[in-house]
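So the structure is just underneath, and the comments pick up after that.
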Amino acid sequence: MEIDHPVVELRRVSKSFGRQRVLDDIDLRVERGKNTVIIGRSGTGKSVLLKHIVGLLRPDRGEVHFEGQRVDRLTERAWVPVRRQISFVFQLNALFDSMTVLENVAFPMTENRTGRIDHKQIRDLAARCLERVGLTGFEKKRPAELSGGERKRVALARAIAMDPPPKVILYDEPTAGLDPQRSNGINKLIRQMQRDFQVTGVVVTHDMRSAAEVGDRVLMLWGGHFVADGTPQEVMESEEPHVRRFVQGIGEPGDVVTFTR
Ligand SMILES: Nc1ncnc2c1ncn2[C@@H]1O[C@H](COP(=O)(O)OP(=O)(O)OP(=O)(O)O)[C@@H](O)[C@H]1O
Ligand SMILES: [Mg+2]
């Protein structure tokens, strides 16, 4: 059967905080099985956009759809079955320091047990997910004992540790703060998730290189709108001034430059 609706769709979504309009009439159709990358400089609303997809924020105007169902007006209770199909890799990883690595990975499955799998199966699945991200042997460690890159990988393992696997994974800055080799490793994992689970990815980053490596489509958020939308190559060659400055790593006119000693 052909499914013709996008997995996730935002229709004319606007969101303000006080007088600050962060999203201004945004339309986005996220294509199934592809990685859609949202780039943009700090504070342009990339995390805010992701949070609308899982109902952590609600739009002031406009609609959010998941699998053809309008979700922005659902009650918290009605969100539960929708959220079971979506994983969110948070910008700050959101690991629990009081739990071991294995417990962290198993946590969402333990919390949302649907009765399909028992505790032993949950632990086994969590261990297999850690193996996928190259962290076998780290099960008993605690997040505080890990490097930044290892913590990112734990967060990725947790994102796929769902039964059934998630339909959509939202990655908020998965490579921020990592060296180029580690970033590359994470980018490969993101591609692996896509390939092995046919998962749809929405990846937020301000790293253009990462965008090019994981993205099938790249959009750039600026001033509440998308100012670029195309393949990584097309975006890198864009003539749009904000996009060009972003890609080349040049500041915007009027940027305040501060020096610290
Ligand atoms: N819950 C909130 N209440 C008030 N303002 C908010 C809230 N969430 C975000 N904002 C504001 O909205 C703007 C966009 O925030 P957002 O976190 O989406 O930025 P971002 O693009 O993800 O930036 P970064 O790359 O630094 O993570 C910021 O100016 C932020 O201060
Ligand atoms: Mg952010």
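Ordering of the structure tokens sets the chain letters (A, B, ...); residue numbers start at 1 within each chain; ligands are numbered from 1 in the order shown.
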Give as a CSV table (one decimal) with all heavy atoms, in the first residue's frame the residues surrounding ligand 1 up to a distance of 9 Å, considering only C-alpha atoms and all ligand atoms.
```
chain,number,residue,atom,x,y,z
A,15,LYS,N,5.2,30.3,16.4
A,15,LYS,CA,5.4,30.2,17.8
A,15,LYS,C,6.2,31.4,18.3
A,15,LYS,O,7.3,31.8,17.7
A,15,LYS,CB,6.2,29.0,18.1
A,15,LYS,CG,6.5,28.8,19.6
A,15,LYS,CD,5.2,28.4,20.3
A,15,LYS,CE,5.4,28.1,21.8
A,15,LYS,NZ,4.1,27.8,22.5
A,16,SER,N,5.7,32.1,19.3
A,16,SER,CA,6.4,33.3,19.9
A,16,SER,C,6.5,33.0,21.4
A,16,SER,O,5.8,32.3,22.0
A,16,SER,CB,5.5,34.5,19.7
A,16,SER,OG,5.3,34.8,18.3
A,17,PHE,N,7.6,33.6,21.9
A,17,PHE,CA,7.8,33.7,23.3
A,17,PHE,C,7.7,35.1,23.7
A,17,PHE,O,8.6,35.9,23.3
A,17,PHE,CB,9.1,33.1,23.8
A,17,PHE,CG,9.2,31.6,23.4
A,17,PHE,CD1,10.0,31.2,22.4
A,17,PHE,CD2,8.5,30.6,24.2
A,17,PHE,CE1,10.0,29.8,22.1
A,17,PHE,CE2,8.5,29.3,23.9
A,17,PHE,CZ,9.3,28.9,22.8
A,18,GLY,N,6.7,35.6,24.4
A,18,GLY,CA,6.5,37.0,24.6
A,18,GLY,C,6.4,37.7,23.3
A,18,GLY,O,5.6,37.3,22.4
A,20,GLN,N,8.9,37.8,21.1
A,20,GLN,CA,9.9,37.3,20.2
A,20,GLN,C,9.2,36.2,19.4
A,20,GLN,O,8.8,35.1,19.9
A,20,GLN,CB,11.0,36.6,21.0
A,20,GLN,CG,12.1,36.0,20.2
A,20,GLN,CD,13.0,35.2,21.1
A,20,GLN,OE1,12.8,34.9,22.2
A,20,GLN,NE2,14.1,34.8,20.5
A,21,ARG,N,9.1,36.4,18.1
A,21,ARG,CA,8.5,35.4,17.2
A,21,ARG,C,9.6,34.5,16.7
A,21,ARG,O,10.5,34.9,16.0
A,21,ARG,CB,7.7,36.0,16.0
A,21,ARG,CG,7.2,35.0,15.1
A,21,ARG,CD,6.2,35.5,14.1
A,21,ARG,NE,5.0,35.9,14.8
A,21,ARG,CZ,3.8,36.0,14.2
A,21,ARG,NH1,3.7,36.0,12.9
A,21,ARG,NH2,2.7,36.4,14.9
A,22,VAL,N,9.6,33.2,17.1
A,22,VAL,CA,10.7,32.3,16.8
A,22,VAL,C,10.3,31.5,15.5
A,22,VAL,O,11.2,31.4,14.6
A,22,VAL,CB,10.9,31.3,17.9
A,22,VAL,CG1,12.0,30.3,17.6
A,22,VAL,CG2,11.3,32.1,19.2
A,23,LEU,N,9.1,31.0,15.4
A,23,LEU,CA,8.7,30.4,14.1
A,23,LEU,C,7.6,31.2,13.5
A,23,LEU,O,6.6,31.5,14.2
A,23,LEU,CB,8.2,28.9,14.4
A,23,LEU,CG,9.2,28.0,15.1
A,23,LEU,CD1,8.6,26.6,15.3
A,23,LEU,CD2,10.5,27.9,14.3
A,39,ILE,N,19.4,23.4,9.6
A,39,ILE,CA,20.6,24.1,10.0
A,39,ILE,C,20.2,25.5,10.4
A,39,ILE,O,19.1,26.0,10.1
A,39,ILE,CB,21.7,24.1,9.0
A,39,ILE,CG1,21.2,24.8,7.7
A,39,ILE,CG2,22.3,22.8,8.7
A,39,ILE,CD1,22.3,25.0,6.6
A,40,GLY,N,21.1,26.2,11.0
A,40,GLY,CA,20.8,27.6,11.4
A,40,GLY,C,21.6,28.0,12.6
A,40,GLY,O,22.0,27.1,13.4
A,41,ARG,N,21.9,29.3,12.7
A,41,ARG,CA,22.8,29.7,13.8
A,41,ARG,C,22.0,29.6,15.2
A,41,ARG,O,20.8,29.3,15.2
A,41,ARG,CB,23.4,31.0,13.6
A,41,ARG,CG,22.4,32.1,13.3
A,41,ARG,CD,23.1,33.3,12.8
A,41,ARG,NE,23.4,34.2,14.0
A,41,ARG,CZ,24.2,35.2,13.9
A,41,ARG,NH1,24.8,35.5,12.8
A,41,ARG,NH2,24.4,35.9,15.0
A,42,SER,N,22.8,29.8,16.2
A,42,SER,CA,22.3,29.6,17.6
A,42,SER,C,21.1,30.6,17.8
A,42,SER,O,21.1,31.7,17.4
A,42,SER,CB,23.4,29.9,18.5
A,42,SER,OG,23.0,29.6,19.8
A,43,GLY,N,20.0,30.0,18.4
A,43,GLY,CA,18.9,30.9,18.8
A,43,GLY,C,17.9,31.1,17.7
A,43,GLY,O,17.0,31.9,17.8
A,44,THR,N,18.0,30.4,16.5
A,44,THR,CA,17.0,30.6,15.4
A,44,THR,C,15.8,29.8,15.6
A,44,THR,O,14.9,29.9,14.8
A,44,THR,CB,17.7,30.4,14.1
A,44,THR,OG1,18.4,29.1,14.1
A,44,THR,CG2,18.6,31.5,13.7
A,45,GLY,N,15.7,28.9,16.6
A,45,GLY,CA,14.5,28.1,16.8
A,45,GLY,C,14.5,26.7,16.3
A,45,GLY,O,13.5,26.1,16.2
A,46,LYS,N,15.7,26.1,16.1
A,46,LYS,CA,15.8,24.7,15.7
A,46,LYS,C,15.3,23.8,16.8
A,46,LYS,O,14.5,22.9,16.4
A,46,LYS,CB,17.3,24.4,15.4
A,46,LYS,CG,17.9,25.4,14.3
A,46,LYS,CD,19.4,25.0,14.0
A,46,LYS,CE,20.3,25.1,15.2
A,46,LYS,NZ,20.5,26.4,15.8
A,47,SER,N,15.7,24.0,18.0
A,47,SER,CA,15.2,23.1,19.1
A,47,SER,C,13.7,23.3,19.3
A,47,SER,O,13.0,22.4,19.5
A,47,SER,CB,16.0,23.3,20.4
A,47,SER,OG,17.3,23.0,20.2
A,48,VAL,N,13.3,24.6,19.2
A,48,VAL,CA,11.9,24.9,19.3
A,48,VAL,C,11.1,24.1,18.2
A,48,VAL,O,10.0,23.5,18.5
A,48,VAL,CB,11.6,26.4,19.2
A,48,VAL,CG1,10.2,26.7,19.0
A,48,VAL,CG2,12.1,27.1,20.5
A,49,LEU,N,11.6,24.1,17.0
A,49,LEU,CA,10.9,23.4,16.0
A,49,LEU,C,10.8,21.9,16.3
A,49,LEU,O,9.7,21.3,16.2
A,49,LEU,CB,11.6,23.6,14.6
A,49,LEU,CG,11.0,23.1,13.4
A,49,LEU,CD1,11.4,23.9,12.2
A,49,LEU,CD2,11.3,21.6,13.1
A,50,LEU,N,11.9,21.3,16.7
A,50,LEU,CA,11.9,19.8,17.1
A,50,LEU,C,10.9,19.5,18.2
A,50,LEU,O,10.1,18.5,18.1
A,50,LEU,CB,13.3,19.4,17.5
A,50,LEU,CG,14.3,19.1,16.5
A,50,LEU,CD1,15.5,18.3,17.2
A,50,LEU,CD2,13.8,18.2,15.4
A,51,LYS,N,10.8,20.4,19.1
A,51,LYS,CA,9.9,20.2,20.3
A,51,LYS,C,8.4,20.2,19.9
A,51,LYS,O,7.6,19.6,20.5
A,51,LYS,CB,10.2,21.2,21.4
A,51,LYS,CG,11.5,20.9,22.1
A,51,LYS,CD,11.8,22.0,23.1
A,51,LYS,CE,13.2,21.7,23.8
A,51,LYS,NZ,13.7,22.9,24.5
A,57,LEU,N,6.3,21.4,22.9
A,57,LEU,CA,5.8,22.8,22.7
A,57,LEU,C,4.6,22.7,21.8
A,57,LEU,O,4.5,21.8,20.9
A,57,LEU,CB,6.8,23.7,22.1
A,57,LEU,CG,8.0,24.1,23.0
A,57,LEU,CD1,9.0,24.9,22.2
A,57,LEU,CD2,7.5,25.0,24.2
A,91,GLN,N,19.6,17.8,23.0
A,91,GLN,CA,20.8,18.5,22.8
A,91,GLN,C,21.8,18.2,24.0
A,91,GLN,O,23.0,18.1,23.7
A,91,GLN,CB,20.5,20.0,22.8
A,91,GLN,CG,21.6,20.9,22.3
A,91,GLN,CD,21.1,22.2,21.8
A,91,GLN,OE1,19.9,22.6,21.9
A,91,GLN,NE2,22.0,23.0,21.3
A,172,ASP,N,18.9,16.4,18.2
A,172,ASP,CA,19.2,17.8,18.4
A,172,ASP,C,20.7,18.0,18.6
A,172,ASP,O,21.2,17.6,19.7
A,172,ASP,CB,18.4,18.3,19.6
A,172,ASP,CG,18.4,19.9,19.6
A,172,ASP,OD1,19.1,20.5,18.7
A,172,ASP,OD2,17.6,20.4,20.3
A,173,GLU,N,21.4,18.5,17.7
A,173,GLU,CA,22.9,18.7,17.8
A,173,GLU,C,23.7,17.4,18.2
A,173,GLU,O,24.4,17.5,19.2
A,173,GLU,CB,23.2,19.8,18.8
A,173,GLU,CG,22.6,21.2,18.5
A,173,GLU,CD,23.3,21.9,17.4
A,173,GLU,OE1,24.3,21.4,16.9
A,173,GLU,OE2,22.9,23.0,17.1
A,204,VAL,N,19.0,18.3,13.7
A,204,VAL,CA,19.3,19.7,13.9
A,204,VAL,C,20.8,19.8,14.1
A,204,VAL,O,21.4,19.1,14.9
A,204,VAL,CB,18.5,20.3,15.1
A,204,VAL,CG1,19.2,21.5,15.6
A,204,VAL,CG2,17.1,20.6,14.7
A,205,THR,N,21.4,20.8,13.4
A,205,THR,CA,22.9,20.9,13.6
A,205,THR,C,23.3,22.3,13.2
A,205,THR,O,22.6,23.0,12.4
A,205,THR,CB,23.7,19.9,12.8
A,205,THR,OG1,25.1,20.0,13.1
A,205,THR,CG2,23.5,20.0,11.3
A,206,HIS,N,24.4,22.8,13.8
A,206,HIS,CA,25.0,24.0,13.1
A,206,HIS,C,26.3,23.7,12.5
A,206,HIS,O,27.1,24.6,12.1
A,206,HIS,CB,25.0,25.3,13.9
A,206,HIS,CG,25.4,25.2,15.3
A,206,HIS,ND1,24.5,25.4,16.4
A,206,HIS,CD2,26.5,24.9,15.9
A,206,HIS,CE1,25.1,25.3,17.5
A,206,HIS,NE2,26.4,25.0,17.2
A,221,LEU,N,17.0,27.6,8.8
A,221,LEU,CA,16.1,28.4,9.5
A,221,LEU,C,16.7,29.8,9.7
A,221,LEU,O,17.9,29.8,10.2
A,221,LEU,CB,15.7,27.7,10.8
A,221,LEU,CG,14.4,28.1,11.5
A,221,LEU,CD1,13.2,28.0,10.6
A,221,LEU,CD2,14.3,27.1,12.7
```
Assign secondary structure with DSSP using the backbone only, and return the residues of range 42-249 of chain A in strand (DSSP E or B) as a ChimeraX atom specification.
/A:61-66,69-70,86-89,168-172,200-205,217-222,225-230
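For Ser210 in chain A, the list of residues within 8 Å, based on only C-alpha atoms and with local chain neighbours fewer than 6 positions off taken out, reads Thr175, Ser183, Asn184 and Asn187 of chain A.
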Would you export the selected residues with all heavy atoms as a PDB file, in the first residue's frame, please?
```pdb
ATOM      1  N   THR A 175      26.284  16.113  17.142  1.00  0.00           N
ATOM      2  CA  THR A 175      27.756  16.145  17.091  1.00  0.00           C
ATOM      3  C   THR A 175      28.353  17.370  17.783  1.00  0.00           C
ATOM      4  O   THR A 175      29.566  17.562  17.740  1.00  0.00           O
ATOM      5  CB  THR A 175      28.269  16.130  15.629  1.00  0.00           C
ATOM      6  OG1 THR A 175      27.755  17.277  14.951  1.00  0.00           O
ATOM      7  CG2 THR A 175      27.823  14.876  14.902  1.00  0.00           C
ATOM      8  N   SER A 183      32.677  13.144  15.559  1.00  0.00           N
ATOM      9  CA  SER A 183      31.508  13.611  14.806  1.00  0.00           C
ATOM     10  C   SER A 183      31.230  12.677  13.652  1.00  0.00           C
ATOM     11  O   SER A 183      30.090  12.287  13.402  1.00  0.00           O
ATOM     12  CB  SER A 183      31.745  14.998  14.218  1.00  0.00           C
ATOM     13  OG  SER A 183      31.914  15.915  15.236  1.00  0.00           O
ATOM     14  N   ASN A 184      32.284  12.303  12.984  1.00  0.00           N
ATOM     15  CA  ASN A 184      32.163  11.408  11.854  1.00  0.00           C
ATOM     16  C   ASN A 184      31.540  10.080  12.272  1.00  0.00           C
ATOM     17  O   ASN A 184      30.665   9.541  11.583  1.00  0.00           O
ATOM     18  CB  ASN A 184      33.560  11.206  11.263  1.00  0.00           C
ATOM     19  CG  ASN A 184      33.488  10.776   9.832  1.00  0.00           C
ATOM     20  OD1 ASN A 184      32.420  10.839   9.225  1.00  0.00           O
ATOM     21  ND2 ASN A 184      34.597  10.311   9.302  1.00  0.00           N
ATOM     22  N   ASN A 187      27.893  10.624  12.802  1.00  0.00           N
ATOM     23  CA  ASN A 187      27.208  10.757  11.504  1.00  0.00           C
ATOM     24  C   ASN A 187      26.985   9.395  10.861  1.00  0.00           C
ATOM     25  O   ASN A 187      25.921   9.129  10.300  1.00  0.00           O
ATOM     26  CB  ASN A 187      28.014  11.643  10.561  1.00  0.00           C
ATOM     27  CG  ASN A 187      28.056  13.076  11.031  1.00  0.00           C
ATOM     28  OD1 ASN A 187      27.161  13.511  11.768  1.00  0.00           O
ATOM     29  ND2 ASN A 187      29.078  13.820  10.632  1.00  0.00           N
TER      30      ASN A 187
END
```
Taking a cut-off of 9 Å and counting only C-alpha atoms, can you build a table that, for each residue of range 173-207 of chain A near range 137-153 of chain A, reports the nearest atom pair and how far apart they are in Å (one decimal), sorted by chain then residue number, as JSON lines?
```
{"residue": "A:Pro174", "atom": "CA", "partner": "A:Lys152", "partner_atom": "CA", "distance": 6.8}
{"residue": "A:Thr175", "atom": "CA", "partner": "A:Lys152", "partner_atom": "CA", "distance": 7.8}
{"residue": "A:Gly177", "atom": "CA", "partner": "A:Gly148", "partner_atom": "CA", "distance": 7.6}
{"residue": "A:Leu178", "atom": "CA", "partner": "A:Gly149", "partner_atom": "CA", "distance": 6.2}
{"residue": "A:Asp179", "atom": "CA", "partner": "A:Gly149", "partner_atom": "CA", "distance": 8.6}
{"residue": "A:Arg182", "atom": "CA", "partner": "A:Gly149", "partner_atom": "CA", "distance": 6.4}
{"residue": "A:Ser183", "atom": "CA", "partner": "A:Gly149", "partner_atom": "CA", "distance": 8.2}
{"residue": "A:Ile186", "atom": "CA", "partner": "A:Arg153", "partner_atom": "CA", "distance": 7.3}
{"residue": "A:Leu189", "atom": "CA", "partner": "A:Arg153", "partner_atom": "CA", "distance": 8.8}
```
How would the residues just picked look written out with all heavy atoms as a compact mmCIF listing (two decimals), in the first residue's frame?
```txt
# COMPACT_ATOMS: atom_id res chain seq x y z
N PRO A 174 23.53 16.38 17.41
CA PRO A 174 24.16 15.13 17.85
C PRO A 174 25.69 15.18 17.86
O PRO A 174 26.31 14.38 18.53
CB PRO A 174 23.66 14.10 16.83
CG PRO A 174 23.28 14.90 15.62
CD PRO A 174 22.80 16.21 16.15
N THR A 175 26.28 16.11 17.14
CA THR A 175 27.76 16.15 17.09
C THR A 175 28.35 17.37 17.78
O THR A 175 29.57 17.56 17.74
CB THR A 175 28.27 16.13 15.63
OG1 THR A 175 27.75 17.28 14.95
CG2 THR A 175 27.82 14.88 14.90
N GLY A 177 30.19 19.76 20.02
CA GLY A 177 31.24 19.61 21.02
C GLY A 177 32.16 18.42 20.80
O GLY A 177 32.99 18.13 21.63
N LEU A 178 31.99 17.72 19.68
CA LEU A 178 32.86 16.56 19.42
C LEU A 178 33.95 16.91 18.43
O LEU A 178 33.78 17.78 17.58
CB LEU A 178 32.02 15.41 18.87
CG LEU A 178 30.87 14.91 19.74
CD1 LEU A 178 30.22 13.70 19.09
CD2 LEU A 178 31.36 14.55 21.13
N ASP A 179 35.07 16.18 18.52
CA ASP A 179 36.14 16.40 17.55
C ASP A 179 35.71 15.79 16.21
O ASP A 179 34.75 15.02 16.15
CB ASP A 179 37.46 15.82 18.06
CG ASP A 179 37.40 14.32 18.22
OD1 ASP A 179 37.03 13.61 17.27
OD2 ASP A 179 37.72 13.83 19.33
N ARG A 182 35.13 11.95 16.07
CA ARG A 182 33.95 11.51 16.83
C ARG A 182 32.68 11.93 16.10
O ARG A 182 31.72 11.18 16.05
CB ARG A 182 33.94 12.12 18.23
CG ARG A 182 35.09 11.69 19.07
CD ARG A 182 34.82 10.35 19.76
NE ARG A 182 35.97 9.92 20.49
CZ ARG A 182 36.46 8.69 20.48
NH1 ARG A 182 35.88 7.74 19.76
NH2 ARG A 182 37.51 8.39 21.18
N SER A 183 32.68 13.14 15.56
CA SER A 183 31.51 13.61 14.81
C SER A 183 31.23 12.68 13.65
O SER A 183 30.09 12.29 13.40
CB SER A 183 31.75 15.00 14.22
OG SER A 183 31.91 15.91 15.24
N ILE A 186 29.53 9.57 14.80
CA ILE A 186 28.09 9.79 15.09
C ILE A 186 27.32 9.90 13.77
O ILE A 186 26.24 9.33 13.61
CB ILE A 186 27.89 11.07 15.94
CG1 ILE A 186 28.56 10.92 17.30
CG2 ILE A 186 26.41 11.41 16.07
CD1 ILE A 186 27.86 10.01 18.29
N LEU A 189 26.68 6.58 12.45
CA LEU A 189 25.62 5.89 13.20
C LEU A 189 24.24 6.37 12.75
O LEU A 189 23.31 5.58 12.63
CB LEU A 189 25.79 6.12 14.70
CG LEU A 189 26.86 5.28 15.39
CD1 LEU A 189 27.10 5.78 16.81
CD2 LEU A 189 26.45 3.81 15.41
```
* Asked: Quick one: residues within 7 Å of Gly201 in chain A, only C-alpha atoms counted, chain neighbours fewer than 3 positions away excluded, as a list in words?
  ->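 Neighbouring residues, sequence-local ones excluded: Lys34, Asn35, Thr36, Val168, Ile169 and Leu170 of chain A.
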Got time to write the residues from that selection, N, CA and C atoms, as a PDB file, in the first residue's frame?
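This went into part_22.pdb:
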```pdb
ATOM      1  N   LYS A  34      13.853   9.334   4.924  1.00  0.00           N
ATOM      2  CA  LYS A  34      14.959  10.243   4.588  1.00  0.00           C
ATOM      3  C   LYS A  34      15.450  10.958   5.850  1.00  0.00           C
ATOM      4  N   ASN A  35      16.638  11.528   5.758  1.00  0.00           N
ATOM      5  CA  ASN A  35      17.131  12.395   6.824  1.00  0.00           C
ATOM      6  C   ASN A  35      16.956  13.849   6.399  1.00  0.00           C
ATOM      7  N   THR A  36      16.134  14.552   7.147  1.00  0.00           N
ATOM      8  CA  THR A  36      15.934  15.979   6.905  1.00  0.00           C
ATOM      9  C   THR A  36      16.766  16.739   7.924  1.00  0.00           C
ATOM     10  N   VAL A 168      10.526   7.563  13.814  1.00  0.00           N
ATOM     11  CA  VAL A 168      11.201   8.840  13.609  1.00  0.00           C
ATOM     12  C   VAL A 168      12.196   9.057  14.737  1.00  0.00           C
ATOM     13  N   ILE A 169      13.394   9.485  14.391  1.00  0.00           N
ATOM     14  CA  ILE A 169      14.336   9.926  15.430  1.00  0.00           C
ATOM     15  C   ILE A 169      14.655  11.396  15.202  1.00  0.00           C
ATOM     16  N   LEU A 170      14.505  12.174  16.263  1.00  0.00           N
ATOM     17  CA  LEU A 170      14.843  13.595  16.212  1.00  0.00           C
ATOM     18  C   LEU A 170      16.184  13.762  16.909  1.00  0.00           C
TER      19      LEU A 170
END
```
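If you look at CA of Pro108 in chain A and CA of Arg195 in chain A, they are 22.7 Å away from each other.
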- Task: Just the residues within 10 Å of Met236 in chain A, please, counting only C-alpha atoms, with nothing from its chain fewer than 5 positions along; format it as a ChimeraX atom specification.
- Result: /A:208-209,212,218,228,230-231,243-244,246-248
Taking only range 22-254 of chain A into account, list the residues labelled helix (DSSP H, G or I) by DSSP (computed from the backbone), as a PyMOL selection string. chain A and resi 46-53+76-83+101-111+119-132+143-145+148-160+180-197+208-214+232-236+241-248
- Task: May I have the residues within 9 Å of Arg73 in chain A as a list in words, using only C-alpha atoms and disregarding those fewer than 5 positions away in the same chain?
- Result: Gly55, Arg58, Glu63 and Val64 of chain A
Could you dump the residues just selected with N, CA and C atoms as an mmCIF file, in the first residue's frame?
```cif
data_model
loop_
_atom_site.group_PDB
_atom_site.id
_atom_site.type_symbol
_atom_site.label_atom_id
_atom_site.label_comp_id
_atom_site.auth_asym_id
_atom_site.auth_seq_id
_atom_site.Cartn_x
_atom_site.Cartn_y
_atom_site.Cartn_z
ATOM 1 N N GLY A 55 5.412 17.417 20.660
ATOM 2 C CA GLY A 55 4.417 17.986 21.572
ATOM 3 C C GLY A 55 4.987 18.511 22.873
ATOM 4 N N ARG A 58 3.649 23.603 21.951
ATOM 5 C CA ARG A 58 2.491 23.639 21.055
ATOM 6 C C ARG A 58 2.496 24.940 20.282
ATOM 7 N N GLU A 63 -0.699 23.879 12.450
ATOM 8 C CA GLU A 63 -1.003 22.486 12.789
ATOM 9 C C GLU A 63 0.247 21.619 12.695
ATOM 10 N N VAL A 64 0.278 20.589 13.552
ATOM 11 C CA VAL A 64 1.322 19.576 13.472
ATOM 12 C C VAL A 64 0.641 18.234 13.226
#
```
Would you pick out the contacts of Asp25 in chain A at 6 Å or less, using only C-alpha atoms, so that residues sharing its chain but fewer than 6 positions from it are not included, and give the list as a compact mmCIF listing (two decimals) with N, CA, C and O atoms, in the first residue's frame?
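So selection-v4.txt came out as:
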```
# COMPACT_ATOMS: atom_id res chain seq x y z
N ARG A 12 1.92 25.80 8.47
CA ARG A 12 1.79 27.21 8.87
C ARG A 12 1.96 27.41 10.37
O ARG A 12 1.16 28.10 11.01
N VAL A 13 2.98 26.80 10.91
CA VAL A 13 3.21 26.86 12.36
C VAL A 13 3.91 28.17 12.76
O VAL A 13 4.92 28.55 12.17
N SER A 14 3.32 28.84 13.73
CA SER A 14 3.96 30.03 14.32
C SER A 14 4.09 29.83 15.82
O SER A 14 3.23 29.23 16.45
```
So the first atom is CA of Ala211 in chain A and the second is CA of Arg191 in chain A; what is the distance between them in Å, to one decimal place?
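Computing it gives 11.6 Å between the two atoms.
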Using only C-alpha atoms and all ligand atoms, the best pick from A:Val203, A:Val30, A:Gln192, A:Asp163 as closest to ligand 2 would be A:Val203
